[in-house]
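J.: start.cif is reproduced in full below (mmCIF, C-alpha atoms).
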```cif
data_run
#
loop_
_atom_site.label_atom_id
_atom_site.label_comp_id
_atom_site.auth_asym_id
_atom_site.auth_seq_id
_atom_site.Cartn_x
_atom_site.Cartn_y
_atom_site.Cartn_z
CA MET A 1 0.00 0.00 0.00
CA SER A 2 1.40 3.40 -0.98
CA ARG A 3 1.04 5.98 1.80
CA GLN A 4 1.20 8.82 -0.73
CA ASN A 5 -1.90 8.01 -2.75
CA SER A 6 -3.38 4.96 -0.97
CA SER A 7 -2.81 2.88 -4.11
CA LEU A 8 -2.46 -0.87 -3.72
CA THR A 9 -0.15 -3.02 -5.81
CA TYR A 10 0.51 -6.74 -6.00
CA ARG A 11 4.14 -7.40 -6.90
CA GLY A 12 4.21 -3.90 -8.41
CA TYR A 13 0.99 -4.19 -10.45
CA PRO A 14 -1.91 -1.84 -9.53
CA VAL A 15 -4.73 -3.95 -8.17
CA GLN A 16 -7.36 -1.97 -10.09
CA ALA A 17 -5.68 -2.88 -13.38
CA LEU A 18 -5.42 -6.53 -12.33
CA CYS A 19 -9.17 -6.56 -11.63
CA ARG A 20 -9.94 -5.18 -15.10
CA ARG A 21 -7.57 -7.29 -17.16
CA HIS A 22 -6.71 -10.53 -15.39
CA SER A 23 -8.30 -13.58 -13.82
CA PHE A 24 -8.02 -14.67 -10.21
CA GLU A 25 -5.87 -17.59 -11.36
CA GLU A 26 -3.43 -15.19 -13.03
CA VAL A 27 -3.27 -13.07 -9.88
CA ALA A 28 -2.61 -16.16 -7.76
CA TYR A 29 0.27 -17.06 -10.10
CA LEU A 30 1.60 -13.51 -9.79
CA LEU A 31 1.56 -13.65 -6.00
CA TRP A 32 3.24 -17.05 -5.91
CA HIS A 33 5.89 -16.46 -8.58
CA GLY A 34 6.41 -12.71 -8.73
CA GLU A 35 5.34 -12.22 -12.36
CA LEU A 36 2.17 -12.68 -14.37
CA PRO A 37 2.09 -15.98 -16.27
CA ASP A 38 2.44 -16.41 -19.98
CA GLY A 39 -0.06 -18.59 -21.81
CA GLY A 40 1.81 -21.83 -21.23
CA GLN A 41 2.41 -21.18 -17.55
CA LEU A 42 -1.23 -20.30 -16.96
CA SER A 43 -2.43 -23.38 -18.84
CA ALA A 44 -0.15 -25.62 -16.78
CA GLN A 45 -1.35 -24.11 -13.51
CA ASN A 46 -4.99 -24.34 -14.58
CA ARG A 47 -4.62 -28.02 -15.50
CA ALA A 48 -3.04 -28.80 -12.15
CA GLU A 49 -5.61 -26.79 -10.21
CA ARG A 50 -8.66 -28.16 -12.02
CA SER A 51 -7.47 -31.75 -11.56
CA GLN A 52 -7.52 -31.26 -7.77
CA ARG A 53 -10.88 -29.51 -7.33
CA ALA A 54 -12.96 -32.51 -6.33
CA LEU A 55 -13.65 -33.16 -2.65
CA GLY A 56 -13.36 -36.91 -2.90
CA PRO A 57 -15.44 -39.30 -0.76
CA HIS A 58 -13.41 -38.94 2.44
CA LEU A 59 -13.49 -35.13 2.52
CA ALA A 60 -17.16 -35.05 1.55
CA ALA A 61 -18.07 -37.55 4.30
CA MET A 62 -16.09 -35.61 6.91
CA LEU A 63 -17.77 -32.34 5.98
CA ALA A 64 -21.24 -33.92 5.83
CA ALA A 65 -20.70 -35.32 9.33
CA GLN A 66 -20.17 -31.85 10.83
CA PRO A 67 -23.20 -30.80 12.92
CA LEU A 68 -25.12 -27.92 11.35
CA SER A 69 -24.60 -26.05 14.61
CA VAL A 70 -20.89 -25.79 13.77
CA PRO A 71 -20.28 -22.46 11.96
CA PRO A 72 -18.94 -22.76 8.40
CA ALA A 73 -15.54 -21.29 9.32
CA ASP A 74 -15.10 -23.92 12.04
CA ALA A 75 -16.20 -26.68 9.68
CA LEU A 76 -13.60 -25.44 7.18
CA LEU A 77 -10.92 -25.52 9.89
CA THR A 78 -11.85 -29.07 10.85
CA VAL A 79 -11.50 -30.32 7.28
CA VAL A 80 -8.24 -28.42 6.62
CA VAL A 81 -6.64 -29.59 9.86
CA SER A 82 -7.96 -33.12 10.16
CA ARG A 83 -8.00 -34.32 6.58
CA LEU A 84 -6.27 -32.08 4.09
CA GLY A 85 -3.16 -31.93 6.26
CA GLY A 86 -2.63 -35.64 5.68
CA ASP A 87 -4.23 -35.93 2.26
CA GLY A 88 -2.24 -33.40 0.24
CA PRO A 89 0.16 -33.86 -2.65
CA ALA A 90 3.05 -36.28 -2.40
CA GLU A 91 5.52 -33.39 -2.31
CA ARG A 92 5.67 -32.30 1.31
CA GLY A 93 7.86 -30.29 3.65
CA ILE A 94 8.72 -26.61 3.55
CA ALA A 95 10.90 -26.34 0.44
CA PRO A 96 9.41 -23.67 -1.87
CA GLY A 97 8.31 -26.27 -4.42
CA ALA A 98 6.59 -28.35 -1.76
CA VAL A 99 4.89 -25.31 -0.24
CA HIS A 100 3.58 -24.30 -3.66
CA ALA A 101 2.27 -27.82 -4.36
CA GLN A 102 0.41 -27.83 -1.06
CA ALA A 103 -0.86 -24.28 -1.67
CA LEU A 104 -2.20 -25.24 -5.10
CA ARG A 105 -4.07 -28.21 -3.63
CA LEU A 106 -5.71 -25.96 -1.03
CA PHE A 107 -6.42 -23.32 -3.67
CA ALA A 108 -8.16 -25.94 -5.81
CA VAL A 109 -10.29 -27.63 -3.16
CA LEU A 110 -11.35 -24.79 -0.85
CA PRO A 111 -14.21 -23.68 -3.17
CA SER A 112 -15.58 -27.24 -3.15
CA ILE A 113 -15.57 -27.24 0.66
CA VAL A 114 -17.18 -23.81 0.96
CA ALA A 115 -19.81 -24.53 -1.70
CA PHE A 116 -20.82 -27.93 -0.32
CA ASP A 117 -21.00 -26.57 3.23
CA GLN A 118 -23.49 -23.89 2.18
CA ARG A 119 -25.55 -26.36 0.15
CA ARG A 120 -25.76 -28.99 2.90
CA ARG A 121 -27.13 -26.35 5.30
CA HIS A 122 -30.06 -25.99 2.88
CA GLY A 123 -30.58 -29.74 2.51
CA LEU A 124 -28.90 -29.87 -0.92
CA ASP A 125 -26.37 -32.33 -2.30
CA ALA A 126 -22.88 -31.34 -3.37
CA VAL A 127 -22.36 -30.21 -6.97
CA ALA A 128 -19.28 -31.69 -8.63
CA PRO A 129 -16.76 -29.20 -10.03
CA ARG A 130 -16.43 -28.56 -13.76
CA ASP A 131 -13.02 -28.45 -15.38
CA ASP A 132 -14.27 -26.26 -18.24
CA LEU A 133 -14.96 -23.30 -15.94
CA GLY A 134 -12.62 -20.73 -14.48
CA TYR A 135 -12.08 -20.53 -10.74
CA ALA A 136 -14.75 -17.90 -9.97
CA ALA A 137 -17.39 -19.35 -12.30
CA ASN A 138 -16.84 -22.86 -10.95
CA PHE A 139 -17.06 -21.61 -7.35
CA LEU A 140 -20.47 -20.07 -8.09
CA TYR A 141 -21.61 -23.12 -10.09
CA MET A 142 -20.81 -25.48 -7.22
CA THR A 143 -22.60 -23.22 -4.73
CA PHE A 144 -25.79 -22.50 -6.67
CA GLY A 145 -26.00 -25.38 -9.14
CA ARG A 146 -25.74 -23.11 -12.17
CA VAL A 147 -23.41 -20.52 -13.63
CA PRO A 148 -24.96 -17.10 -12.98
CA GLU A 149 -24.93 -14.08 -15.29
CA PRO A 150 -21.48 -13.08 -16.62
CA GLN A 151 -21.71 -9.82 -14.66
CA ILE A 152 -22.10 -11.77 -11.41
CA VAL A 153 -19.09 -13.94 -12.25
CA SER A 154 -17.09 -10.81 -13.01
CA VAL A 155 -18.06 -9.15 -9.72
CA PHE A 156 -17.24 -12.25 -7.71
CA GLU A 157 -13.87 -12.62 -9.44
CA ARG A 158 -13.11 -8.96 -8.76
CA SER A 159 -13.79 -9.48 -5.07
CA LEU A 160 -11.48 -12.50 -4.92
CA ILE A 161 -8.67 -10.47 -6.51
CA LEU A 162 -9.19 -7.56 -4.14
CA TYR A 163 -8.94 -9.86 -1.13
CA ALA A 164 -6.03 -11.92 -2.51
CA GLY A 165 -3.11 -9.69 -1.58
CA GLN A 166 -2.44 -9.55 2.13
CA GLY A 167 -0.24 -7.14 4.03
CA LEU A 168 0.90 -7.92 7.56
CA SER A 169 -2.58 -8.45 8.93
CA ALA A 170 -3.30 -10.86 11.77
CA ALA A 171 -4.27 -13.48 9.20
CA THR A 172 -0.85 -13.13 7.51
CA SER A 173 1.35 -12.70 10.57
CA GLY A 174 -0.09 -15.79 12.25
CA PRO A 175 1.01 -18.21 9.53
CA ARG A 176 4.49 -16.70 9.40
CA VAL A 177 4.95 -17.66 13.01
CA GLY A 178 3.19 -20.99 12.48
CA VAL A 179 5.44 -22.06 9.63
CA SER A 180 8.70 -20.78 11.06
CA PRO A 181 9.43 -23.85 13.20
CA LEU A 182 9.42 -25.79 9.90
CA SER A 183 5.87 -27.04 10.29
CA ARG A 184 3.67 -28.01 7.36
CA LEU A 185 1.80 -25.38 5.41
CA HIS A 186 -1.60 -26.63 6.55
CA GLY A 187 -0.82 -25.66 10.14
CA ALA A 188 0.11 -22.17 9.01
CA VAL A 189 -3.07 -21.80 6.94
CA THR A 190 -5.06 -23.01 9.94
CA ALA A 191 -3.57 -20.15 11.95
CA ALA A 192 -4.61 -17.70 9.21
CA ILE A 193 -8.20 -18.97 9.06
CA SER A 194 -8.43 -18.88 12.86
CA ALA A 195 -7.28 -15.25 12.91
CA LEU A 196 -9.71 -14.36 10.13
CA LYS A 197 -12.74 -15.88 11.84
CA GLU A 198 -12.05 -14.36 15.24
CA ALA A 199 -13.02 -10.80 14.28
CA PRO A 200 -15.30 -9.30 16.95
CA GLY A 201 -18.92 -10.16 16.20
CA ASP A 202 -20.16 -6.63 15.49
CA GLY A 203 -17.08 -5.88 13.39
CA SER A 204 -16.95 -9.03 11.28
CA PRO A 205 -17.75 -8.97 7.55
CA GLU A 206 -20.68 -11.25 8.31
CA ALA A 207 -22.22 -8.51 10.46
CA VAL A 208 -22.47 -6.07 7.53
CA THR A 209 -25.59 -7.63 6.03
CA GLU A 210 -27.31 -7.84 9.41
CA MET A 211 -26.47 -4.18 10.04
CA LEU A 212 -27.94 -3.03 6.72
CA LYS A 213 -31.03 -5.17 7.33
CA GLU A 214 -31.43 -3.64 10.79
CA ILE A 215 -31.21 -0.10 9.37
CA ALA A 216 -33.90 -1.05 6.81
CA ILE A 217 -34.50 2.42 5.31
CA PRO A 218 -32.13 5.30 4.42
CA ASP A 219 -33.69 7.74 6.88
CA ASN A 220 -32.84 5.36 9.72
CA ALA A 221 -29.09 5.32 8.98
CA ARG A 222 -28.13 8.32 11.12
CA PRO A 223 -30.38 7.50 14.13
CA TRP A 224 -29.13 3.89 14.01
CA LEU A 225 -25.52 5.07 13.94
CA GLU A 226 -26.04 7.50 16.81
CA LYS A 227 -27.51 4.72 18.95
CA ALA A 228 -24.78 2.25 17.97
CA LEU A 229 -22.03 4.73 18.86
CA ALA A 230 -23.70 5.57 22.18
CA GLU A 231 -23.77 1.86 23.01
CA GLY A 232 -20.11 1.44 22.06
CA ARG A 233 -20.87 -0.93 19.22
CA THR A 234 -18.39 -1.67 16.44
CA ILE A 235 -19.59 -0.46 13.03
CA ALA A 236 -19.21 -3.44 10.73
CA GLY A 237 -17.38 -2.77 7.48
CA PHE A 238 -15.67 0.41 8.70
CA SER A 239 -12.21 0.94 10.15
CA PRO A 240 -9.79 3.78 10.94
CA GLN A 241 -7.83 4.73 7.82
CA VAL A 242 -4.48 5.94 9.08
CA SER A 243 -2.93 6.35 5.63
CA GLY A 244 -5.87 7.43 3.49
CA SER A 245 -8.85 5.55 2.13
CA ASP A 246 -8.71 1.85 1.24
CA ALA A 247 -7.86 1.83 -2.47
CA ARG A 248 -9.86 -1.36 -3.00
CA VAL A 249 -13.19 0.09 -1.89
CA PRO A 250 -14.09 2.15 -5.01
CA ALA A 251 -13.59 -0.87 -7.27
CA MET A 252 -15.75 -3.09 -5.07
CA ARG A 253 -18.36 -0.35 -4.62
CA ALA A 254 -18.74 -0.15 -8.40
CA ALA A 255 -19.09 -3.93 -8.51
CA LEU A 256 -21.76 -3.81 -5.80
CA GLY A 257 -23.71 -1.29 -7.86
CA MET A 258 -23.60 -3.66 -10.83
CA VAL A 259 -25.01 -6.54 -8.78
CA ALA A 260 -27.69 -4.37 -7.18
CA ALA A 261 -28.89 -3.15 -10.58
CA LEU A 262 -28.89 -6.66 -12.01
CA ARG A 263 -30.78 -8.11 -9.04
CA ASP A 264 -33.15 -5.12 -8.73
CA HIS A 265 -31.90 -4.09 -5.28
CA GLU A 266 -31.02 -0.44 -5.84
CA GLY A 267 -32.68 0.31 -2.49
CA LEU A 268 -29.79 -1.38 -0.73
CA ILE A 269 -27.40 1.06 -2.39
CA VAL A 270 -29.35 4.01 -1.01
CA ILE A 271 -29.07 2.59 2.52
CA TYR A 272 -25.40 1.78 1.92
CA GLU A 273 -24.61 5.37 0.89
CA ALA A 274 -26.70 6.91 3.68
CA LEU A 275 -24.78 4.97 6.33
CA ALA A 276 -21.39 5.66 4.69
CA THR A 277 -22.16 9.40 4.68
CA ALA A 278 -23.30 9.38 8.31
CA VAL A 279 -20.21 7.44 9.44
CA GLN A 280 -17.88 9.82 7.59
CA GLU A 281 -19.55 12.88 9.13
CA MET A 282 -19.75 11.55 12.68
CA THR A 283 -16.55 9.48 13.08
CA ASP A 284 -13.00 9.07 11.79
CA LEU A 285 -13.93 5.70 10.28
CA ARG A 286 -13.98 4.93 6.56
CA PRO A 287 -15.38 1.97 4.60
CA SER A 288 -13.17 -1.08 4.42
CA LEU A 289 -13.34 -3.63 1.63
CA ASP A 290 -15.68 -5.69 3.79
CA TYR A 291 -18.46 -3.08 3.52
CA PRO A 292 -19.20 -3.33 -0.23
CA ALA A 293 -18.00 -6.93 -0.56
CA ALA A 294 -20.27 -8.36 2.13
CA ALA A 295 -23.26 -6.55 0.63
CA ALA A 296 -22.38 -7.90 -2.82
CA TYR A 297 -22.02 -11.47 -1.51
CA HIS A 298 -25.47 -11.16 0.06
CA LEU A 299 -27.03 -10.09 -3.24
CA ILE A 300 -25.22 -12.86 -5.12
CA GLY A 301 -26.87 -15.38 -2.78
CA PHE A 302 -24.20 -16.46 -0.30
CA ASP A 303 -25.26 -17.11 3.27
CA ARG A 304 -24.02 -14.61 5.82
CA GLN A 305 -21.84 -17.19 7.60
CA THR A 306 -20.29 -18.30 4.32
CA ILE A 307 -18.53 -14.96 3.92
CA THR A 308 -15.57 -15.78 6.17
CA PRO A 309 -14.81 -19.07 4.35
CA ILE A 310 -14.98 -17.17 1.03
CA LEU A 311 -12.43 -14.69 2.35
CA ALA A 312 -10.22 -17.60 3.36
CA ALA A 313 -10.29 -18.98 -0.19
CA ALA A 314 -9.60 -15.51 -1.59
CA GLY A 315 -6.79 -14.78 0.84
CA LEU A 316 -5.02 -18.11 0.43
CA PRO A 317 -2.77 -17.07 -2.50
CA GLY A 318 -1.54 -14.05 -0.54
CA TRP A 319 -1.01 -15.99 2.67
CA THR A 320 0.88 -18.79 0.95
CA ALA A 321 2.93 -16.34 -1.14
CA HIS A 322 4.14 -14.80 2.11
CA LEU A 323 5.01 -18.28 3.37
CA THR A 324 6.84 -19.27 0.19
CA ASP A 325 9.01 -16.15 0.42
CA HIS A 326 9.46 -16.73 4.13
CA VAL A 327 10.71 -20.31 3.88
CA ALA A 328 12.83 -19.54 0.82
CA ALA A 329 14.76 -17.09 3.01
CA SER A 330 15.07 -19.79 5.71
CA ALA A 331 13.60 -17.25 8.13
CA ILE A 332 12.43 -18.21 11.59
CA THR A 333 10.00 -15.82 13.21
CA ARG A 334 10.34 -15.48 16.97
CA PRO A 335 8.32 -12.45 18.04
CA ARG A 336 9.67 -10.54 21.02
CA LEU A 337 7.52 -8.88 23.64
CA ALA A 338 8.33 -5.71 25.54
CA TYR A 339 8.04 -6.31 29.29
CA ASP A 340 6.17 -3.53 31.09
CA GLY A 341 6.70 -3.90 34.83
CA HIS A 342 9.24 -3.49 37.62
CA ALA A 343 12.73 -3.09 36.21
CA LYS A 344 14.37 -5.13 38.97
CA HIS A 345 13.44 -6.90 42.20
CA HIS A 346 15.79 -7.91 44.99
CA LEU A 347 15.17 -11.01 47.04
CA ALA A 348 15.26 -10.27 50.72
CA GLY A 349 17.46 -12.50 52.88
CA GLY A 350 18.25 -16.07 51.99
CA ARG A 351 18.27 -19.60 53.30
#
```
Would you give me this structure, written as structure tokens?
T.:
Amino acid sequence: MSRQNSSLTYRGYPVQALCRRHSFEEVAYLLWHGELPDGGQLSAQNRAERSQRALGPHLAAMLAAQPLSVPPADALLTVVVSRLGGDGPAERGIAPGAVHAQALRLFAVLPSIVAFDQRRRHGLDAVAPRDDLGYAANFLYMTFGRVPEPQIVSVFERSLILYAGQGLSAATSGPRVGVSPLSRLHGAVTAAISALKEAPGDGSPEAVTEMLKEIAIPDNARPWLEKALAEGRTIAGFSPQVSGSDARVPAMRAALGMVAALRDHEGLIVIYEALATAVQEMTDLRPSLDYPAAAAYHLIGFDRQTITPILAAAGLPGWTAHLTDHVAASAITRPRLAYDGHAKHHLAGGR
């Protein structure tokens, strides 16, 4: 992130340009390898990824056995930790090639897990992946049983790209520590998902749709905000912007407008803007990417609790790119803490 103009780049490429011109698969390749792929490199990665999309009977049975009372993010953690950690590619360990092979397997199968988990909560069977569809289109197809309008696919792909690059957030720092003792990548990704899902309830991306539903009409935005601030509530989808506005928000806001128009929900946009204006006038908070993205996911048809697992799938290329660079440098992360207490004590007497 550039502090001068709040622009965001992945490996030097402006994220807005990547959203307009490239697929999520190309962006994942960029994060992993440092450069955009040529045609042959992209084809090779796509073949490898699409061949590993299927859940398989063991993963499907494990996910189906999870009680419906278990939140989707916890169900995802259970499958990643308990099964995928021992069911990955033959190439294991922490060498960069092994880390990338494991990352690609997770990249390929996470949409199948997320899609089936949403479907089973509605009493629906899993939909098998298609190898003729791109990543975003296949994700939507497995979730809803059909490929939606091209505009919806484009919006969803844009959101995945915007969430893909990760700075030193809690979800990125956790895996750096987790992988540093030379553990397997799955343990590090587990740490990232755990950090992602532990956002405070009122401030989580999942809370955005409930907040907008609670506000209900534009004229209620300011009174709702005044009451929420008086009660000390966190305003979901907003955060302090210490170095300018989040450069990703305008691109996702435009995408949200496209979905709202297509799904005949322009009223949601009016509420969205009324709250954003009230927050800007009454606080030092600004919209984060979660604000437009969560609203767009709702209009696309994703369940509220499915949002965090989607963000895990989107963030995986960025997390694992950090880890690949980390292990390539043979770095071991041992965070130090600053002790704040008595400088020195003396023991009185002796025995």
J.: Do a neighbour search on Lys213 of chain A at 12 Å with all atoms listed in the file, toss out local chain neighbours closer than 3 positions, and write the hits as number ranges by chain.
T.: A: 207-210, 216-218, 220-221, 224, 267-268, 271-272, 275, 295, 298, 304
J.: Take the PyMOL selection byres ((chain A and resi 261-266) around 12), apply it to the structure above, and return the hits as a CSV table (one decimal) with C-alpha atoms, in the coordinates of the input.
T.:
```csv
chain,number,residue,atom,x,y,z
A,148,PRO,CA,-25.0,-17.1,-13.0
A,149,GLU,CA,-24.9,-14.1,-15.3
A,150,PRO,CA,-21.5,-13.1,-16.6
A,151,GLN,CA,-21.7,-9.8,-14.7
A,152,ILE,CA,-22.1,-11.8,-11.4
A,155,VAL,CA,-18.1,-9.2,-9.7
A,218,PRO,CA,-32.1,5.3,4.4
A,254,ALA,CA,-18.7,-0.2,-8.4
A,255,ALA,CA,-19.1,-3.9,-8.5
A,256,LEU,CA,-21.8,-3.8,-5.8
A,257,GLY,CA,-23.7,-1.3,-7.9
A,258,MET,CA,-23.6,-3.7,-10.8
A,259,VAL,CA,-25.0,-6.5,-8.8
A,260,ALA,CA,-27.7,-4.4,-7.2
A,267,GLY,CA,-32.7,0.3,-2.5
A,268,LEU,CA,-29.8,-1.4,-0.7
A,269,ILE,CA,-27.4,1.1,-2.4
A,270,VAL,CA,-29.4,4.0,-1.0
A,271,ILE,CA,-29.1,2.6,2.5
A,272,TYR,CA,-25.4,1.8,1.9
A,273,GLU,CA,-24.6,5.4,0.9
A,295,ALA,CA,-23.3,-6.6,0.6
A,296,ALA,CA,-22.4,-7.9,-2.8
A,298,HIS,CA,-25.5,-11.2,0.1
A,299,LEU,CA,-27.0,-10.1,-3.2
A,300,ILE,CA,-25.2,-12.9,-5.1
A,301,GLY,CA,-26.9,-15.4,-2.8
```
J.: Just how far from atom CA of Val15 of chain A is atom CA of Gln45 of chain A, in Å to one decimal?
T.: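 Going from atom CA of Gln45 of chain A over to atom CA of Val15 of chain A covers 21.1 Å.
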J.: From the set A:Gln305, A:Gln102, A:Phe116, A:Pro129, which residue has the shortest atom-to-atom contact distance to Gln66 of chain A, counting all atoms listed in the file?
T.: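 Of A:Gln305, A:Gln102, A:Phe116, A:Pro129, the one nearest Gln66 of chain A, counting all atoms listed in the file, is A:Phe116.
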J.: Which residue gives the smallest distance to Arg130 of chain A among A:Arg50, A:Ser194, A:Thr78, A:Arg222, with only C-alpha atoms counted?
T.: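 The closest residue to Arg130 of chain A is A:Arg50.
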